[in-house]
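K.L.:
Sharing input_10.cif below, mmCIF, N, CA and C atoms:
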```cif
data_my_file
loop_
_atom_site.label_atom_id
_atom_site.label_comp_id
_atom_site.auth_asym_id
_atom_site.auth_seq_id
_atom_site.Cartn_x
_atom_site.Cartn_y
_atom_site.Cartn_z
N GLN A 16 5.36 17.65 3.89
CA GLN A 16 4.51 16.62 3.33
C GLN A 16 5.34 15.69 2.45
N VAL A 17 5.08 14.40 2.58
CA VAL A 17 5.85 13.41 1.83
C VAL A 17 5.33 13.29 0.41
N GLN A 18 6.23 13.29 -0.56
CA GLN A 18 5.86 13.00 -1.94
C GLN A 18 6.14 11.52 -2.20
N LEU A 19 5.21 10.87 -2.91
CA LEU A 19 5.29 9.43 -3.09
C LEU A 19 5.25 9.05 -4.57
N VAL A 20 6.09 8.09 -4.95
CA VAL A 20 6.13 7.61 -6.32
C VAL A 20 6.14 6.08 -6.30
N GLU A 21 5.10 5.49 -6.90
CA GLU A 21 5.01 4.03 -6.97
C GLU A 21 5.67 3.50 -8.23
N SER A 22 6.07 2.24 -8.15
CA SER A 22 6.60 1.54 -9.31
C SER A 22 6.39 0.04 -9.13
N GLY A 23 6.56 -0.70 -10.22
CA GLY A 23 6.50 -2.15 -10.13
C GLY A 23 5.25 -2.80 -10.66
N GLY A 24 4.29 -2.01 -11.10
CA GLY A 24 3.09 -2.60 -11.64
C GLY A 24 3.35 -3.29 -12.97
N GLY A 25 2.36 -4.03 -13.45
CA GLY A 25 2.50 -4.71 -14.72
C GLY A 25 1.38 -5.69 -14.96
N SER A 26 1.55 -6.48 -16.00
CA SER A 26 0.56 -7.51 -16.36
C SER A 26 1.13 -8.88 -16.04
N VAL A 27 0.37 -9.67 -15.29
CA VAL A 27 0.81 -11.00 -14.89
C VAL A 27 -0.35 -11.97 -15.04
N GLN A 28 -0.02 -13.25 -14.92
CA GLN A 28 -1.05 -14.28 -14.99
C GLN A 28 -1.52 -14.67 -13.59
N PRO A 29 -2.71 -15.23 -13.48
CA PRO A 29 -3.17 -15.70 -12.17
C PRO A 29 -2.18 -16.67 -11.54
N GLY A 30 -1.94 -16.47 -10.25
CA GLY A 30 -0.99 -17.30 -9.53
C GLY A 30 0.41 -16.71 -9.47
N ASP A 31 0.67 -15.72 -10.30
CA ASP A 31 2.00 -15.09 -10.31
C ASP A 31 2.19 -14.16 -9.11
N SER A 32 3.41 -13.68 -8.98
CA SER A 32 3.77 -12.73 -7.92
C SER A 32 4.26 -11.43 -8.52
N LEU A 33 4.13 -10.37 -7.74
CA LEU A 33 4.57 -9.05 -8.17
C LEU A 33 4.89 -8.25 -6.92
N THR A 34 5.91 -7.40 -7.01
CA THR A 34 6.25 -6.54 -5.88
C THR A 34 6.17 -5.08 -6.30
N LEU A 35 5.38 -4.33 -5.59
CA LEU A 35 5.27 -2.89 -5.81
C LEU A 35 6.19 -2.16 -4.83
N SER A 36 6.72 -1.04 -5.29
CA SER A 36 7.55 -0.19 -4.45
C SER A 36 6.98 1.21 -4.42
N CYS A 37 7.22 1.90 -3.33
CA CYS A 37 6.78 3.29 -3.19
C CYS A 37 7.90 4.06 -2.52
N ALA A 38 8.48 5.00 -3.25
CA ALA A 38 9.58 5.81 -2.72
C ALA A 38 9.05 7.15 -2.24
N GLY A 39 9.44 7.51 -1.03
CA GLY A 39 9.00 8.77 -0.45
C GLY A 39 10.13 9.79 -0.41
N SER A 40 9.76 11.06 -0.52
CA SER A 40 10.74 12.14 -0.42
C SER A 40 10.06 13.40 0.11
N GLY A 41 10.87 14.30 0.63
CA GLY A 41 10.37 15.61 1.02
C GLY A 41 9.72 15.69 2.38
N GLY A 42 9.78 14.65 3.16
CA GLY A 42 9.18 14.69 4.49
C GLY A 42 9.85 13.69 5.41
N THR A 43 9.33 13.55 6.61
CA THR A 43 9.90 12.61 7.57
C THR A 43 9.19 11.27 7.42
N PHE A 44 9.61 10.56 6.39
CA PHE A 44 8.96 9.30 5.98
C PHE A 44 8.83 8.33 7.14
N SER A 45 9.88 8.20 7.93
CA SER A 45 9.95 7.16 8.95
C SER A 45 8.98 7.37 10.10
N ARG A 46 8.32 8.51 10.19
CA ARG A 46 7.40 8.77 11.29
C ARG A 46 5.97 8.33 10.98
N TYR A 47 5.71 7.96 9.74
CA TYR A 47 4.33 7.77 9.32
C TYR A 47 4.00 6.32 8.97
N VAL A 48 2.80 5.92 9.38
CA VAL A 48 2.22 4.70 8.83
C VAL A 48 2.10 4.89 7.33
N MET A 49 2.46 3.85 6.59
CA MET A 49 2.32 3.87 5.14
C MET A 49 1.35 2.78 4.71
N GLY A 50 0.56 3.09 3.71
CA GLY A 50 -0.44 2.13 3.30
C GLY A 50 -0.52 1.98 1.79
N TRP A 51 -1.23 0.93 1.40
CA TRP A 51 -1.54 0.68 -0.01
C TRP A 51 -3.06 0.58 -0.17
N PHE A 52 -3.54 1.21 -1.21
CA PHE A 52 -4.94 1.17 -1.57
C PHE A 52 -5.03 0.79 -3.04
N ARG A 53 -6.21 0.37 -3.48
CA ARG A 53 -6.38 0.06 -4.90
C ARG A 53 -7.73 0.53 -5.37
N GLN A 54 -7.82 0.73 -6.69
CA GLN A 54 -9.06 1.26 -7.26
C GLN A 54 -9.26 0.72 -8.66
N ASP A 55 -10.45 0.17 -8.88
CA ASP A 55 -10.89 -0.22 -10.21
C ASP A 55 -11.60 0.97 -10.83
N PRO A 56 -11.58 1.07 -12.17
CA PRO A 56 -12.33 2.16 -12.81
C PRO A 56 -13.80 2.13 -12.42
N GLY A 57 -14.32 3.26 -12.03
CA GLY A 57 -15.72 3.35 -11.68
C GLY A 57 -16.06 2.88 -10.29
N LYS A 58 -15.04 2.48 -9.53
CA LYS A 58 -15.27 2.00 -8.17
C LYS A 58 -14.51 2.86 -7.17
N GLU A 59 -14.88 2.70 -5.91
CA GLU A 59 -14.20 3.45 -4.87
C GLU A 59 -12.81 2.89 -4.60
N ARG A 60 -11.94 3.75 -4.10
CA ARG A 60 -10.62 3.32 -3.70
C ARG A 60 -10.74 2.55 -2.38
N THR A 61 -10.14 1.39 -2.32
CA THR A 61 -10.26 0.56 -1.12
C THR A 61 -8.91 0.25 -0.50
N PHE A 62 -8.93 0.03 0.78
CA PHE A 62 -7.72 -0.26 1.55
C PHE A 62 -7.21 -1.65 1.22
N VAL A 63 -5.88 -1.78 1.14
CA VAL A 63 -5.25 -3.07 0.89
C VAL A 63 -4.38 -3.49 2.08
N ALA A 64 -3.46 -2.62 2.47
CA ALA A 64 -2.53 -2.99 3.54
C ALA A 64 -1.89 -1.72 4.10
N ALA A 65 -1.41 -1.82 5.34
CA ALA A 65 -0.68 -0.71 5.96
C ALA A 65 0.37 -1.27 6.88
N ILE A 66 1.43 -0.49 7.08
CA ILE A 66 2.53 -0.92 7.94
C ILE A 66 2.88 0.21 8.89
N SER A 67 3.21 -0.17 10.11
CA SER A 67 3.54 0.82 11.14
C SER A 67 4.78 1.61 10.78
N TRP A 68 4.96 2.74 11.45
CA TRP A 68 6.07 3.64 11.14
C TRP A 68 7.42 2.95 11.33
N ASN A 69 7.49 1.99 12.28
CA ASN A 69 8.76 1.29 12.53
C ASN A 69 8.82 -0.08 11.85
N GLY A 70 7.80 -0.42 11.07
CA GLY A 70 7.82 -1.68 10.33
C GLY A 70 7.51 -2.91 11.14
N LYS A 71 7.12 -2.75 12.40
CA LYS A 71 6.95 -3.92 13.27
C LYS A 71 5.56 -4.54 13.21
N SER A 72 4.61 -3.84 12.67
CA SER A 72 3.28 -4.42 12.57
C SER A 72 2.62 -3.98 11.28
N ALA A 73 1.71 -4.82 10.81
CA ALA A 73 0.99 -4.53 9.56
C ALA A 73 -0.45 -4.98 9.71
N TYR A 74 -1.27 -4.44 8.84
CA TYR A 74 -2.70 -4.74 8.86
C TYR A 74 -3.14 -4.89 7.42
N TYR A 75 -3.98 -5.91 7.16
CA TYR A 75 -4.35 -6.23 5.79
C TYR A 75 -5.86 -6.32 5.63
N ALA A 76 -6.31 -5.97 4.44
CA ALA A 76 -7.69 -6.23 4.10
C ALA A 76 -7.90 -7.74 4.01
N GLU A 77 -9.10 -8.15 4.32
CA GLU A 77 -9.40 -9.59 4.33
C GLU A 77 -9.14 -10.22 2.96
N ALA A 78 -9.39 -9.48 1.90
CA ALA A 78 -9.25 -10.03 0.55
C ALA A 78 -7.82 -10.39 0.18
N VAL A 79 -6.85 -9.82 0.89
CA VAL A 79 -5.45 -10.06 0.55
C VAL A 79 -4.67 -10.72 1.68
N GLU A 80 -5.29 -10.88 2.83
CA GLU A 80 -4.62 -11.48 3.99
C GLU A 80 -4.05 -12.85 3.62
N GLY A 81 -2.78 -13.06 3.95
CA GLY A 81 -2.14 -14.32 3.65
C GLY A 81 -1.49 -14.38 2.27
N ARG A 82 -1.82 -13.47 1.38
CA ARG A 82 -1.23 -13.45 0.04
C ARG A 82 -0.30 -12.25 -0.16
N PHE A 83 -0.63 -11.14 0.47
CA PHE A 83 0.16 -9.91 0.30
C PHE A 83 0.95 -9.65 1.58
N THR A 84 2.14 -9.06 1.42
CA THR A 84 2.97 -8.68 2.55
C THR A 84 3.48 -7.26 2.34
N CYS A 85 3.24 -6.43 3.33
CA CYS A 85 3.71 -5.05 3.29
C CYS A 85 4.95 -4.92 4.15
N SER A 86 5.96 -4.24 3.64
CA SER A 86 7.20 -4.03 4.40
C SER A 86 7.75 -2.65 4.07
N ARG A 87 8.76 -2.24 4.81
CA ARG A 87 9.34 -0.92 4.55
C ARG A 87 10.82 -0.93 4.91
N ASP A 88 11.54 -0.02 4.28
CA ASP A 88 12.95 0.22 4.58
C ASP A 88 13.08 1.72 4.79
N ASN A 89 13.08 2.13 6.04
CA ASN A 89 13.13 3.57 6.34
C ASN A 89 14.45 4.21 5.93
N ALA A 90 15.51 3.42 5.86
CA ALA A 90 16.79 3.96 5.41
C ALA A 90 16.71 4.38 3.94
N LYS A 91 15.82 3.71 3.19
CA LYS A 91 15.65 4.02 1.77
C LYS A 91 14.37 4.81 1.51
N ASN A 92 13.64 5.15 2.58
CA ASN A 92 12.36 5.86 2.42
C ASN A 92 11.43 5.14 1.44
N THR A 93 11.37 3.84 1.57
CA THR A 93 10.60 3.04 0.61
C THR A 93 9.72 2.03 1.34
N VAL A 94 8.52 1.87 0.83
CA VAL A 94 7.60 0.85 1.32
C VAL A 94 7.27 -0.09 0.16
N TYR A 95 7.07 -1.36 0.49
CA TYR A 95 6.88 -2.39 -0.53
C TYR A 95 5.55 -3.12 -0.30
N LEU A 96 5.04 -3.67 -1.38
CA LEU A 96 3.89 -4.56 -1.29
C LEU A 96 4.21 -5.80 -2.12
N GLN A 97 4.51 -6.89 -1.43
CA GLN A 97 4.76 -8.15 -2.09
C GLN A 97 3.43 -8.86 -2.28
N MET A 98 3.09 -9.15 -3.53
CA MET A 98 1.79 -9.75 -3.85
C MET A 98 2.02 -11.14 -4.44
N ASN A 99 1.53 -12.13 -3.75
CA ASN A 99 1.65 -13.52 -4.21
C ASN A 99 0.28 -14.08 -4.56
N SER A 100 0.30 -15.17 -5.30
CA SER A 100 -0.95 -15.86 -5.67
C SER A 100 -1.99 -14.88 -6.20
N LEU A 101 -1.58 -14.08 -7.13
CA LEU A 101 -2.45 -13.03 -7.65
C LEU A 101 -3.66 -13.62 -8.36
N LYS A 102 -4.79 -12.93 -8.22
CA LYS A 102 -6.06 -13.34 -8.81
C LYS A 102 -6.54 -12.25 -9.75
N PRO A 103 -7.40 -12.59 -10.69
CA PRO A 103 -7.95 -11.56 -11.59
C PRO A 103 -8.62 -10.41 -10.82
N GLU A 104 -9.23 -10.72 -9.70
CA GLU A 104 -9.89 -9.66 -8.93
C GLU A 104 -8.92 -8.73 -8.23
N ASP A 105 -7.62 -9.02 -8.29
CA ASP A 105 -6.62 -8.09 -7.78
C ASP A 105 -6.28 -7.00 -8.80
N THR A 106 -6.81 -7.12 -9.99
CA THR A 106 -6.57 -6.12 -11.03
C THR A 106 -7.09 -4.76 -10.59
N ALA A 107 -6.22 -3.75 -10.61
CA ALA A 107 -6.58 -2.41 -10.17
C ALA A 107 -5.38 -1.49 -10.34
N VAL A 108 -5.62 -0.22 -10.12
CA VAL A 108 -4.51 0.72 -9.94
C VAL A 108 -4.21 0.78 -8.45
N TYR A 109 -2.96 0.58 -8.10
CA TYR A 109 -2.53 0.54 -6.71
C TYR A 109 -1.86 1.86 -6.34
N TYR A 110 -2.31 2.41 -5.21
CA TYR A 110 -1.82 3.70 -4.73
C TYR A 110 -1.12 3.53 -3.39
N CYS A 111 -0.01 4.21 -3.25
CA CYS A 111 0.69 4.30 -1.98
C CYS A 111 0.16 5.53 -1.24
N ALA A 112 0.12 5.47 0.09
CA ALA A 112 -0.42 6.58 0.87
C ALA A 112 0.35 6.75 2.18
N ALA A 113 0.48 7.98 2.59
CA ALA A 113 1.07 8.30 3.88
C ALA A 113 -0.03 8.73 4.85
N ASP A 114 0.06 8.25 6.06
CA ASP A 114 -0.92 8.60 7.08
C ASP A 114 -0.94 10.10 7.33
N ARG A 115 -2.07 10.57 7.81
CA ARG A 115 -2.21 12.01 8.01
C ARG A 115 -1.33 12.51 9.17
N TYR A 116 -1.24 11.70 10.22
CA TYR A 116 -0.51 12.14 11.40
C TYR A 116 0.63 11.17 11.70
N PRO A 117 1.70 11.64 12.31
CA PRO A 117 2.83 10.75 12.62
C PRO A 117 2.51 9.77 13.74
N PHE A 118 3.20 8.64 13.72
CA PHE A 118 3.15 7.64 14.78
C PHE A 118 1.75 7.09 15.02
N GLY A 119 1.00 6.92 13.93
CA GLY A 119 -0.30 6.29 14.03
C GLY A 119 -0.18 4.78 14.03
N THR A 120 -1.31 4.10 13.74
CA THR A 120 -1.30 2.64 13.69
C THR A 120 -1.84 2.15 12.34
N PRO A 121 -1.37 1.00 11.87
CA PRO A 121 -1.89 0.46 10.61
C PRO A 121 -3.39 0.18 10.69
N HIS A 122 -3.84 -0.26 11.84
CA HIS A 122 -5.25 -0.57 12.03
C HIS A 122 -6.11 0.67 11.80
N ALA A 123 -5.66 1.80 12.33
CA ALA A 123 -6.42 3.04 12.18
C ALA A 123 -6.49 3.46 10.71
N MET A 124 -5.39 3.30 9.99
CA MET A 124 -5.42 3.65 8.57
C MET A 124 -6.37 2.72 7.84
N GLY A 125 -6.31 1.45 8.15
CA GLY A 125 -7.17 0.48 7.48
C GLY A 125 -8.64 0.72 7.72
N ARG A 126 -8.97 1.23 8.87
CA ARG A 126 -10.37 1.51 9.20
C ARG A 126 -10.80 2.90 8.77
N GLY A 127 -9.86 3.68 8.21
CA GLY A 127 -10.20 5.02 7.76
C GLY A 127 -10.37 6.03 8.88
N SER A 128 -9.74 5.75 10.02
CA SER A 128 -9.92 6.61 11.19
C SER A 128 -9.07 7.88 11.14
N THR A 129 -8.00 7.86 10.33
CA THR A 129 -7.06 8.96 10.42
C THR A 129 -6.96 9.80 9.16
N GLY A 130 -7.24 9.26 8.02
CA GLY A 130 -7.08 10.01 6.79
C GLY A 130 -5.68 9.88 6.21
N VAL A 131 -5.52 10.41 5.02
CA VAL A 131 -4.26 10.31 4.27
C VAL A 131 -3.76 11.71 3.96
N SER A 132 -2.44 11.90 4.13
CA SER A 132 -1.88 13.22 3.84
C SER A 132 -1.30 13.30 2.44
N SER A 133 -0.85 12.15 1.91
CA SER A 133 -0.23 12.14 0.58
C SER A 133 -0.60 10.87 -0.16
N TRP A 134 -0.79 11.02 -1.46
CA TRP A 134 -1.03 9.88 -2.35
C TRP A 134 0.04 9.86 -3.43
N GLY A 135 0.39 8.64 -3.86
CA GLY A 135 1.21 8.53 -5.05
C GLY A 135 0.34 8.65 -6.29
N GLN A 136 0.96 8.52 -7.45
CA GLN A 136 0.22 8.68 -8.72
C GLN A 136 -0.44 7.38 -9.16
N GLY A 137 -0.07 6.27 -8.53
CA GLY A 137 -0.66 4.98 -8.84
C GLY A 137 0.15 4.18 -9.83
N THR A 138 0.05 2.86 -9.69
CA THR A 138 0.68 1.95 -10.64
C THR A 138 -0.31 0.83 -10.93
N ARG A 139 -0.44 0.50 -12.21
CA ARG A 139 -1.50 -0.43 -12.62
C ARG A 139 -1.02 -1.87 -12.53
N VAL A 140 -1.88 -2.72 -11.97
CA VAL A 140 -1.65 -4.16 -11.92
C VAL A 140 -2.79 -4.85 -12.65
N THR A 141 -2.44 -5.68 -13.63
CA THR A 141 -3.44 -6.44 -14.37
C THR A 141 -3.13 -7.92 -14.24
N VAL A 142 -4.12 -8.66 -13.77
CA VAL A 142 -3.96 -10.11 -13.60
C VAL A 142 -4.95 -10.78 -14.55
N SER A 143 -4.41 -11.45 -15.55
CA SER A 143 -5.27 -12.03 -16.57
C SER A 143 -4.56 -13.18 -17.25
N SER A 144 -5.34 -14.19 -17.64
CA SER A 144 -4.76 -15.30 -18.37
C SER A 144 -4.88 -15.08 -19.87
#
```
Will you turn the file into C-alpha cells for me?
P.N.:
Amino acid sequence: QVQLVESGGGSVQPGDSLTLSCAGSGGTFSRYVMGWFRQDPGKERTFVAAISWNGKSAYYAEAVEGRFTCSRDNAKNTVYLQMNSLKPEDTAVYYCAADRYPFGTPHAMGRGSTGVSSWGQGTRVTVSS
C-alpha cells in the first residue's frame, strides 16, 4: 500500500496560483491512478482531479476545469496539482489519494467507481483577500 504525504498548501489571495505536491512511498506508485480531493469543515470530501497511471490523461471536476492541472513524475513518485486563478471557494483541505486497483482510469476515480486505497494527511489551502 502506498503511503502519501502532501505539501505546498498555504494562504493566497484570489487570482493567485499555488502548486501542491504529493510524494508516495512504500508501494508501486506508478501503477495507480492518483487523485486530489478537497474538504471543507463540516462538508463531504469531494473530487478535484485525477491522473492516469502513465500521466497521459487526466479528469477534472467541473469547478476546477481549465484552472487546475494535475501531473505526475513517476521517477520521483510524486503527483502535482497546479492551481491557477484561485477563488475563495477553493478554500479547503486538499487530500492526495491512490486508486484502489492498479491501471484504472481517472474518470472512474472521479465518478467514485473504484474507491481509494490510500489517503494523505491533507494540506490546507486558504484563498482570501
K.L.:
Report as a VMD selection string the residues that result from applying the PyMOL selection byres ((chain A and resi 124) around 8) to the structure here.
P.N.:
chain A and resid 48 to 50 62 64 to 65 114 to 115 119 to 123 125 to 131
K.L.:
Just to confirm, what's the straight-line distance from CA of Pro56 (chain A) to CA of Tyr109 (chain A) in Å (one decimal)?
P.N.:
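If I compute the distance from CA of Pro56 (chain A) to CA of Tyr109 (chain A), I get 11.7 Å.
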K.L.:
For CA of Ser100 (chain A) and CA of Glu80 (chain A), determine how far apart the two atoms are, in Å to one decimal place.
P.N.:
11.2 Å
K.L.:
Using DSSP assignments from the backbone, pull out every residue in chain A that falls under strand (DSSP E or B) and give it to me as number ranges by chain.
P.N.:
A: 18-22, 25-27, 33-40, 49-54, 61-66, 73-75, 83-88, 93-98, 107-114, 131-134, 138-142
K.L.:
Write out as a PDB file with N, CA and C atoms, keeping the file's coordinate frame each polymer residue whose atoms come within 7 Å of Ser86 (chain A), counting only N, CA and C atoms; drop sequence neighbours fewer than 4 positions from it.
P.N.:
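The result, stored in result-v2.pdb:
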```pdb
ATOM      1  N   ILE A  66       1.430  -0.490   7.080  1.00  0.00           N
ATOM      2  CA  ILE A  66       2.530  -0.920   7.940  1.00  0.00           C
ATOM      3  C   ILE A  66       2.880   0.210   8.890  1.00  0.00           C
ATOM      4  N   GLY A  70       7.800  -0.420  11.070  1.00  0.00           N
ATOM      5  CA  GLY A  70       7.820  -1.680  10.330  1.00  0.00           C
ATOM      6  C   GLY A  70       7.510  -2.910  11.140  1.00  0.00           C
ATOM      7  N   THR A  93      11.370   3.840   1.570  1.00  0.00           N
ATOM      8  CA  THR A  93      10.600   3.040   0.610  1.00  0.00           C
ATOM      9  C   THR A  93       9.720   2.030   1.340  1.00  0.00           C
ATOM     10  N   VAL A  94       8.520   1.870   0.830  1.00  0.00           N
ATOM     11  CA  VAL A  94       7.600   0.850   1.320  1.00  0.00           C
ATOM     12  C   VAL A  94       7.270  -0.090   0.160  1.00  0.00           C
ATOM     13  N   TYR A  95       7.070  -1.360   0.490  1.00  0.00           N
ATOM     14  CA  TYR A  95       6.880  -2.390  -0.530  1.00  0.00           C
ATOM     15  C   TYR A  95       5.550  -3.120  -0.300  1.00  0.00           C
ATOM     16  N   LEU A  96       5.040  -3.670  -1.380  1.00  0.00           N
ATOM     17  CA  LEU A  96       3.890  -4.560  -1.290  1.00  0.00           C
ATOM     18  C   LEU A  96       4.210  -5.800  -2.120  1.00  0.00           C
ATOM     19  N   GLN A  97       4.510  -6.890  -1.430  1.00  0.00           N
ATOM     20  CA  GLN A  97       4.760  -8.150  -2.090  1.00  0.00           C
ATOM     21  C   GLN A  97       3.430  -8.860  -2.280  1.00  0.00           C
TER      22      GLN A  97
END
```
K.L.:
When DSSP is applied to the backbone of this structure, which of region 65-132 of chain A are assigned helix (DSSP H, G or I)? Write them out as a ChimeraX atom specification.
P.N.:
/A:103-105,121-125
K.L.:
When the PyMOL selection byres (((chain A and resi 101-105 and name CA) around 10) and name CA) is applied to the structure above, which residues does it catch, written out as a list in words?
P.N.:
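Residues picked by the PyMOL selection byres (((chain A and resi 101-105 and name CA) around 10) and name CA): Val27, Gln28, Pro29, Gly30, Asp31, Ser32, Leu33, Arg53, Gln54, Asp55, Ala78, Val79, Arg82, Phe83, Met98, Asn99, Ser100, Thr106, Ala107, Val108, Tyr109, Val140, Thr141, Val142, Ser143 and Ser144 of chain A.
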K.L.:
Selected residues, N, CA and C atoms, written as a compact mmCIF listing (two decimals), in the frame of the given file, please.
P.N.:
```txt
# COMPACT_ATOMS: atom_id res chain seq x y z
N VAL A 27 0.37 -9.67 -15.29
CA VAL A 27 0.81 -11.00 -14.89
C VAL A 27 -0.35 -11.97 -15.04
N GLN A 28 -0.02 -13.25 -14.92
CA GLN A 28 -1.05 -14.28 -14.99
C GLN A 28 -1.52 -14.67 -13.59
N PRO A 29 -2.71 -15.23 -13.48
CA PRO A 29 -3.17 -15.70 -12.17
C PRO A 29 -2.18 -16.67 -11.54
N GLY A 30 -1.94 -16.47 -10.25
CA GLY A 30 -0.99 -17.30 -9.53
C GLY A 30 0.41 -16.71 -9.47
N ASP A 31 0.67 -15.72 -10.30
CA ASP A 31 2.00 -15.09 -10.31
C ASP A 31 2.19 -14.16 -9.11
N SER A 32 3.41 -13.68 -8.98
CA SER A 32 3.77 -12.73 -7.92
C SER A 32 4.26 -11.43 -8.52
N LEU A 33 4.13 -10.37 -7.74
CA LEU A 33 4.57 -9.05 -8.17
C LEU A 33 4.89 -8.25 -6.92
N ARG A 53 -6.21 0.37 -3.48
CA ARG A 53 -6.38 0.06 -4.90
C ARG A 53 -7.73 0.53 -5.37
N GLN A 54 -7.82 0.73 -6.69
CA GLN A 54 -9.06 1.26 -7.26
C GLN A 54 -9.26 0.72 -8.66
N ASP A 55 -10.45 0.17 -8.88
CA ASP A 55 -10.89 -0.22 -10.21
C ASP A 55 -11.60 0.97 -10.83
N ALA A 78 -9.39 -9.48 1.90
CA ALA A 78 -9.25 -10.03 0.55
C ALA A 78 -7.82 -10.39 0.18
N VAL A 79 -6.85 -9.82 0.89
CA VAL A 79 -5.45 -10.06 0.55
C VAL A 79 -4.67 -10.72 1.68
N ARG A 82 -1.82 -13.47 1.38
CA ARG A 82 -1.23 -13.45 0.04
C ARG A 82 -0.30 -12.25 -0.16
N PHE A 83 -0.63 -11.14 0.47
CA PHE A 83 0.16 -9.91 0.30
C PHE A 83 0.95 -9.65 1.58
N MET A 98 3.09 -9.15 -3.53
CA MET A 98 1.79 -9.75 -3.85
C MET A 98 2.02 -11.14 -4.44
N ASN A 99 1.53 -12.13 -3.75
CA ASN A 99 1.65 -13.52 -4.21
C ASN A 99 0.28 -14.08 -4.56
N SER A 100 0.30 -15.17 -5.30
CA SER A 100 -0.95 -15.86 -5.67
C SER A 100 -1.99 -14.88 -6.20
N THR A 106 -6.81 -7.12 -9.99
CA THR A 106 -6.57 -6.12 -11.03
C THR A 106 -7.09 -4.76 -10.59
N ALA A 107 -6.22 -3.75 -10.61
CA ALA A 107 -6.58 -2.41 -10.17
C ALA A 107 -5.38 -1.49 -10.34
N VAL A 108 -5.62 -0.22 -10.12
CA VAL A 108 -4.51 0.72 -9.94
C VAL A 108 -4.21 0.78 -8.45
N TYR A 109 -2.96 0.58 -8.10
CA TYR A 109 -2.53 0.54 -6.71
C TYR A 109 -1.86 1.86 -6.34
N VAL A 140 -1.88 -2.72 -11.97
CA VAL A 140 -1.65 -4.16 -11.92
C VAL A 140 -2.79 -4.85 -12.65
N THR A 141 -2.44 -5.68 -13.63
CA THR A 141 -3.44 -6.44 -14.37
C THR A 141 -3.13 -7.92 -14.24
N VAL A 142 -4.12 -8.66 -13.77
CA VAL A 142 -3.96 -10.11 -13.60
C VAL A 142 -4.95 -10.78 -14.55
N SER A 143 -4.41 -11.45 -15.55
CA SER A 143 -5.27 -12.03 -16.57
C SER A 143 -4.56 -13.18 -17.25
N SER A 144 -5.34 -14.19 -17.64
CA SER A 144 -4.76 -15.30 -18.37
C SER A 144 -4.88 -15.08 -19.87
```
K.L.:
Spell out the residues picked by the PyMOL selection byres ((chain A and resi 42) around 7) here, as a ChimeraX atom specification.
P.N.:
/A:16-18,39-41,43-45
K.L.:
Between CA of Gly23 (chain A) and CA of Ser132 (chain A), what is the distance, to one decimal in Å?
P.N.:
22.4 Å
K.L.:
A:Glu77, A:Lys71, A:Tyr116, A:Tyr110: which is nearest Trp134 (chain A), counting only C-alpha atoms?
P.N.:
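For Trp134 (chain A), the nearest of the candidates is A:Tyr110.
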